$ cat entry_28.csv   # CSV, C-alpha atoms
chain,number,residue,atom,x,y,z
A,1,MET,CA,-5.1,-26.6,1.2
A,2,ILE,CA,-4.3,-23.0,0.7
A,3,LYS,CA,-6.5,-19.9,1.1
A,4,ILE,CA,-6.7,-17.5,-1.9
A,5,LEU,CA,-7.8,-13.9,-1.4
A,6,TYR,CA,-8.9,-11.4,-4.1
A,7,PHE,CA,-8.9,-7.7,-3.5
A,8,ALA,CA,-10.4,-4.5,-5.0
A,9,ARG,CA,-11.2,-4.5,-8.7
A,10,LEU,CA,-10.3,-8.1,-8.9
A,11,LYS,CA,-12.7,-9.2,-6.2
A,12,GLU,CA,-15.5,-7.4,-8.0
A,13,SER,CA,-14.7,-8.8,-11.5
A,14,LEU,CA,-14.5,-12.3,-10.2
A,15,GLY,CA,-17.4,-12.0,-7.8
A,16,LYS,CA,-15.4,-13.7,-5.1
A,17,ALA,CA,-13.4,-12.5,-2.1
A,18,SER,CA,-11.7,-15.7,-1.1
A,19,GLU,CA,-11.7,-19.5,-1.7
A,20,GLU,CA,-10.0,-22.6,-0.4
A,21,PHE,CA,-7.7,-24.4,-2.9
A,22,GLN,CA,-6.2,-27.8,-3.0
A,23,LEU,CA,-2.6,-27.7,-4.2
A,24,PRO,CA,-2.4,-30.3,-7.1
A,25,TYR,CA,1.2,-31.3,-6.6
A,26,GLN,CA,4.5,-30.3,-4.9
A,27,ASN,CA,6.4,-27.2,-5.9
A,28,PHE,CA,3.3,-25.6,-7.2
A,29,THR,CA,4.2,-21.9,-8.0
A,30,ILE,CA,2.4,-18.6,-8.2
A,31,ALA,CA,2.8,-18.9,-12.0
A,32,SER,CA,1.2,-22.4,-12.1
A,33,LEU,CA,-1.7,-21.1,-9.9
A,34,MET,CA,-2.2,-18.1,-12.2
A,35,THR,CA,-2.2,-20.4,-15.3
A,36,LEU,CA,-4.8,-22.7,-13.7
A,37,LEU,CA,-7.0,-19.8,-12.6
A,38,SER,CA,-6.8,-18.2,-16.0
A,39,SER,CA,-8.5,-21.3,-17.5
A,40,ARG,CA,-11.6,-20.9,-15.4
A,41,GLY,CA,-13.4,-18.7,-17.9
A,42,GLU,CA,-13.3,-15.4,-19.8
A,43,THR,CA,-13.0,-13.0,-16.8
A,44,TRP,CA,-10.5,-15.3,-15.1
A,45,GLY,CA,-8.5,-15.5,-18.4
A,46,ARG,CA,-8.4,-11.7,-18.8
A,47,GLU,CA,-7.3,-11.2,-15.2
A,48,PHE,CA,-4.7,-14.1,-14.8
A,49,GLY,CA,-3.7,-14.8,-18.4
A,50,GLN,CA,-0.9,-13.3,-20.6
A,51,GLY,CA,-0.1,-9.7,-19.8
A,52,SER,CA,-1.7,-9.8,-16.3
A,53,THR,CA,-0.8,-6.8,-14.2
A,54,LEU,CA,-1.9,-8.5,-10.9
A,55,ARG,CA,0.4,-8.6,-7.9
A,56,ALA,CA,0.7,-11.6,-5.6
A,57,ALA,CA,1.5,-12.1,-1.9
A,58,ILE,CA,2.1,-15.2,0.2
A,59,ASN,CA,1.5,-14.9,3.9
A,60,TYR,CA,1.6,-11.0,3.7
A,61,ASP,CA,4.9,-10.9,1.8
A,62,VAL,CA,5.2,-9.9,-1.9
A,63,ALA,CA,5.6,-13.0,-4.0
A,64,ARG,CA,7.2,-13.6,-7.4
A,65,GLU,CA,5.9,-15.8,-10.2
A,66,GLU,CA,8.4,-18.5,-9.2
A,67,SER,CA,7.5,-18.4,-5.5
A,68,ILE,CA,6.5,-21.9,-4.3
A,69,LEU,CA,3.2,-22.6,-2.4
A,70,LYS,CA,2.8,-24.9,0.5
A,71,ASP,CA,-0.2,-26.2,2.5
A,72,GLY,CA,-1.6,-23.6,4.9
A,73,ASP,CA,-0.4,-20.6,2.9
A,74,GLU,CA,-2.5,-17.5,2.5
A,75,VAL,CA,-2.1,-16.3,-1.1
A,76,ALA,CA,-3.5,-12.9,-2.2
A,77,PHE,CA,-3.9,-11.5,-5.7
A,78,PHE,CA,-4.6,-7.8,-6.3
A,79,PRO,CA,-4.2,-5.0,-8.8
A,80,PRO,CA,-1.3,-2.5,-8.4
A,81,VAL,CA,-1.8,-0.5,-5.2
A,82,THR,CA,-3.2,3.1,-5.1
A,83,GLY,CA,-3.1,4.2,-1.5
A,84,GLY,CA,-1.7,7.4,0.0
B,1,MET,CA,2.7,1.6,17.4
B,2,PRO,CA,4.4,3.5,14.6
B,3,VAL,CA,1.8,2.3,12.1
B,4,ARG,CA,-2.0,2.6,12.3
B,5,VAL,CA,-4.7,1.7,9.8
B,6,GLN,CA,-8.0,3.1,10.9
B,7,ILE,CA,-11.4,4.4,9.8
B,8,GLU,CA,-11.4,7.3,12.2
B,9,ASP,CA,-9.8,10.7,11.4
B,10,PHE,CA,-6.5,11.7,13.0
B,11,ASP,CA,-5.3,14.9,14.8
B,12,THR,CA,-2.1,16.0,13.0
B,13,GLY,CA,-1.3,18.6,15.6
B,14,ALA,CA,-1.7,16.2,18.5
B,15,GLU,CA,0.5,13.6,16.8
B,16,ILE,CA,3.2,16.2,16.1
B,17,ASP,CA,3.1,17.5,19.7
B,18,HIS,CA,3.4,14.0,21.1
B,19,MET,CA,6.4,13.3,19.0
B,20,ARG,CA,7.9,16.7,19.8
B,21,GLN,CA,7.8,16.1,23.5
B,22,SER,CA,8.9,12.4,23.5
B,23,ARG,CA,12.6,13.3,23.1
B,24,MET,CA,14.6,16.3,24.2
B,25,ASP,CA,17.2,15.9,21.5
B,26,THR,CA,14.7,16.2,18.7
B,27,GLY,CA,15.5,19.2,16.5
B,28,ALA,CA,13.3,18.6,13.5
B,29,ILE,CA,9.9,17.2,12.8
B,30,VAL,CA,8.6,16.8,9.2
B,31,SER,CA,5.0,15.8,8.5
B,32,PHE,CA,3.1,15.0,5.4
B,33,VAL,CA,-0.8,14.9,5.1
B,34,GLY,CA,-2.5,13.5,2.1
B,35,GLN,CA,-6.1,14.4,1.5
B,36,VAL,CA,-9.0,13.6,-0.8
B,37,ARG,CA,-9.3,15.8,-3.9
B,38,ASP,CA,-12.6,16.7,-5.5
B,39,THR,CA,-11.3,16.1,-9.0
B,40,ASN,CA,-9.3,13.4,-10.8
B,41,HIS,CA,-8.7,12.9,-14.5
B,42,GLY,CA,-11.0,15.7,-15.3
B,43,SER,CA,-14.1,14.5,-13.5
B,44,ASP,CA,-15.7,15.5,-10.2
B,45,VAL,CA,-15.0,13.1,-7.3
B,46,THR,CA,-17.8,13.2,-4.8
B,47,ALA,CA,-16.5,10.5,-2.4
B,48,MET,CA,-13.8,7.8,-2.2
B,49,THR,CA,-13.7,4.3,-0.6
B,50,LEU,CA,-10.4,2.9,0.5
B,51,GLU,CA,-10.0,-0.8,0.7
B,52,HIS,CA,-6.9,-2.6,2.2
B,53,TYR,CA,-5.5,-6.0,3.0
B,54,PRO,CA,-5.6,-6.3,6.8
B,55,GLY,CA,-2.5,-7.8,8.1
B,56,MET,CA,-0.3,-7.3,5.1
B,57,THR,CA,-0.9,-3.5,5.1
B,58,GLU,CA,0.4,-3.1,8.6
B,59,LYS,CA,3.4,-5.4,7.9
B,60,ALA,CA,4.2,-3.5,4.6
B,61,LEU,CA,4.1,-0.1,6.4
B,62,GLU,CA,6.2,-1.4,9.3
B,63,GLU,CA,8.8,-2.7,6.8
B,64,ILE,CA,8.9,0.7,5.0
B,65,VAL,CA,9.4,2.5,8.4
B,66,ALA,CA,12.2,0.1,9.3
B,67,GLN,CA,13.9,0.7,5.9
B,68,ALA,CA,13.7,4.5,6.5
B,69,LYS,CA,15.2,4.0,10.0
B,70,GLY,CA,18.0,2.0,8.4
B,71,ARG,CA,18.8,4.6,5.8
B,72,TRP,CA,18.6,7.8,7.8
B,73,ASP,CA,19.4,8.9,11.4
B,74,ILE,CA,15.8,9.5,12.4
B,75,PHE,CA,14.5,9.1,15.9
B,76,ASP,CA,10.9,8.2,15.3
B,77,ALA,CA,8.4,7.7,12.4
B,78,LEU,CA,4.6,7.5,12.5
B,79,VAL,CA,2.3,6.4,9.7
B,80,ILE,CA,-1.5,6.7,10.0
B,81,HIS,CA,-3.6,5.6,6.9
B,82,ARG,CA,-7.4,5.8,6.8
B,83,VAL,CA,-9.7,3.2,5.2
B,84,GLY,CA,-13.4,3.2,4.4
B,85,LYS,CA,-15.5,6.0,2.9
B,86,LEU,CA,-14.0,9.5,2.6
B,87,GLN,CA,-15.1,12.8,1.2
B,88,PRO,CA,-13.2,15.6,-0.6
B,89,THR,CA,-10.9,17.5,1.9
B,90,ASP,CA,-10.9,14.5,4.3
B,91,GLN,CA,-7.4,13.5,5.4
B,92,ILE,CA,-6.2,10.1,4.1
B,93,VAL,CA,-2.7,9.7,5.3
B,94,LEU,CA,-0.3,11.1,7.8
B,95,VAL,CA,3.5,10.6,8.0
B,96,VAL,CA,5.5,12.3,10.8
B,97,VAL,CA,9.3,11.9,11.2
B,98,SER,CA,11.6,13.3,13.8
B,99,SER,CA,15.3,13.7,13.8
B,100,ALA,CA,18.1,15.9,15.2
B,101,HIS,CA,18.4,17.9,11.9
B,102,ARG,CA,16.0,18.5,9.2
B,103,GLY,CA,17.7,16.8,6.3
B,104,ALA,CA,17.2,13.3,7.5
B,105,ALA,CA,13.5,13.9,8.5
B,106,PHE,CA,12.7,15.5,5.1
B,107,ALA,CA,14.2,12.7,3.2
B,108,ALA,CA,12.8,9.9,5.3
B,109,CYS,CA,9.3,11.4,5.2
B,110,GLU,CA,9.3,11.5,1.4
B,111,PHE,CA,10.8,8.0,1.1
B,112,ILE,CA,8.1,6.6,3.3
B,113,MET,CA,5.4,8.2,1.2
B,114,ASP,CA,7.0,7.1,-2.1
B,115,TYR,CA,7.2,3.5,-0.9
B,116,LEU,CA,3.7,3.6,0.7
B,117,LYS,CA,2.2,4.7,-2.7
B,118,THR,CA,3.8,1.7,-4.5
B,119,GLU,CA,4.1,-1.1,-1.9
B,120,ALA,CA,1.3,-0.9,0.7
B,121,PRO,CA,-1.8,-2.8,-0.2
B,122,PHE,CA,-4.5,0.0,-0.4
B,123,TRP,CA,-6.9,0.6,-3.3
B,124,LYS,CA,-9.0,3.6,-4.0
B,125,LYS,CA,-12.4,3.6,-5.6
B,126,GLU,CA,-13.8,6.9,-6.6
B,127,GLN,CA,-17.4,7.9,-6.7
B,128,THR,CA,-17.9,10.4,-9.5
B,129,SER,CA,-21.0,12.0,-11.2
B,130,ALA,CA,-20.5,9.4,-14.0
B,131,GLY,CA,-20.4,6.5,-11.5
B,132,GLU,CA,-17.8,4.5,-9.6
B,133,ARG,CA,-14.3,3.6,-10.8
B,134,TRP,CA,-11.2,2.0,-9.3
B,135,VAL,CA,-8.2,4.4,-9.4
B,136,GLU,CA,-5.4,3.1,-11.7
B,137,ALA,CA,-1.8,3.0,-10.5
B,138,ARG,CA,0.3,5.9,-11.8
B,139,SER,CA,3.7,5.2,-13.4
B,140,SER,CA,4.9,8.5,-11.9
B,141,ASP,CA,4.6,6.9,-8.5
B,142,GLU,CA,6.9,4.0,-9.6
B,143,VAL,CA,9.4,6.6,-10.9
B,144,ALA,CA,9.3,8.5,-7.6
B,145,ARG,CA,10.1,5.3,-5.7
B,146,GLU,CA,12.9,4.2,-8.1
B,147,ARG,CA,14.9,7.4,-7.6
B,148,TRP,CA,15.6,6.3,-4.0
B,149,ASN,CA,17.7,3.5,-5.6
B,150,SER,CA,20.2,6.0,-6.9
B,151,ASP,CA,23.2,6.8,-4.6
B,152,ILE,CA,22.4,10.5,-4.6
B,153,ASN,CA,19.6,10.0,-2.1
B,154,THR,CA,21.3,7.5,0.2
B,155,TYR,CA,23.2,9.9,2.4
B,156,LYS,CA,23.3,9.6,6.1
B,157,GLN,CA,23.0,12.7,8.2
$ encode --input "entry_28.csv" --output "structure tokens"
Amino acid sequence: MIKILYFARLKESLGKASEEFQLPYQNFTIASLMTLLSSRGETWGREFGQGSTLRAAINYDVAREESILKDGDEVAFFPPVTGG
Amino acid sequence: MPVRVQIEDFDTGAEIDHMRQSRMDTGAIVSFVGQVRDTNHGSDVTAMTLEHYPGMTEKALEEIVAQAKGRWDIFDALVIHRVGKLQPTDQIVLVVVSSAHRGAAFAACEFIMDYLKTEAPFWKKEQTSAGERWVEARSSDEVARERWNSDINTYKQ
């Protein structure tokens, strides 16, 4: 299992701040996860589908599309940051 | 701790004084304060809410400070960033950097802010007379960060 967190605008559009997720197979990547999430419905497709501007992190470090997930990871998706 | 994320306001003068007196060989202290504006994209902003990713935020800020220390001969760097609900003229962020001479402190302070704006997981939501809206990231902030990758800005002092 991994934990997925959603932040800011994304958390509101999905109506969800976090969830537990069972990795379906070994070497499952951020890109695979985004493809799977994008198939959940219209809002999910718009956020995670083609042309998504979302950023991802694994265990507090910035992740890439090809980053591989493993059990126990905390994965986060969020829009480009706007602090400062 | 060189990095603090907090709801409470901060006292810029007290933080500068503290850094000033912590080392006798400090010759320069540069500080930056960011504050809430009452206008953005042509509409009135009545309040702002700042969300962040606890844990990753602190780690990202610490890494940015570590990078600045690796690039310039600075003595100390402090970053305080507020979260929660803020009003126009409220302080949002403070960066204070000390060094022997001003060049390194000026450069490191600006570097820390440019990286904070593009790397640290904070998000602003504005309350305006027309309703609430999430602030969109600005491409000019990406440009500001990218210029640190050119050799012109990588001098050591």
$ residues_around --input "entry_28.csv" --residues "Thr89 in chain B" --least-positions-apart "2" --cutoff "7 Å" --atoms "only C-alpha atoms" --output "list in words"
Gln35, Val36, Arg37, Gln87 and Gln91 of chain B
$ write_last_selection --input "entry_28.csv" --atoms "C-alpha atoms" --output "compact mmCIF listing (two decimals), in the coordinates of the input"
# COMPACT_ATOMS: atom_id res chain seq x y z
CA GLN B 35 -6.10 14.40 1.50
CA VAL B 36 -9.00 13.60 -0.80
CA ARG B 37 -9.30 15.80 -3.90
CA GLN B 87 -15.10 12.80 1.20
CA GLN B 91 -7.40 13.50 5.40
$ interface_residues --input "entry_28.csv" --of "chain A" --to "chain B" --cutoff "8 Å" --atoms "only C-alpha atoms" --output "ChimeraX atom specification"
/A:7-9,59-61,80-84
$ closest_residue --input "entry_28.csv" --among "B:Ala68, B:Met19, B:Val45, B:Ala144" --to "Ser98 in chain B" --atoms "all atoms listed in the file"
B:Met19
$ atom_distance --input "entry_28.csv" --atom1 "CA of Glu8 in chain B" --atom2 "CA of Gln127 in chain B"
19.8 Å
$ residues_around --input "entry_28.csv" --residues "Ser32 in chain A" --least-positions-apart "4" --cutoff "12 Å" --atoms "all atoms listed in the file" --output "list in words"
Leu23, Pro24, Tyr25, Gln26, Asn27, Phe28, Leu36, Leu37, Ser38, Ser39, Phe48, Gly49, Arg64, Glu65, Glu66, Ser67, Ile68 and Leu69 of chain A
$ atom_distance --input "entry_28.csv" --atom1 "CA of Ile74 in chain B" --atom2 "CA of Val3 in chain B"
15.7 Å
$ atom_distance --input "entry_28.csv" --atom1 "CA of Lys3 in chain A" --atom2 "CA of Glu47 in chain A"
18.5 Å
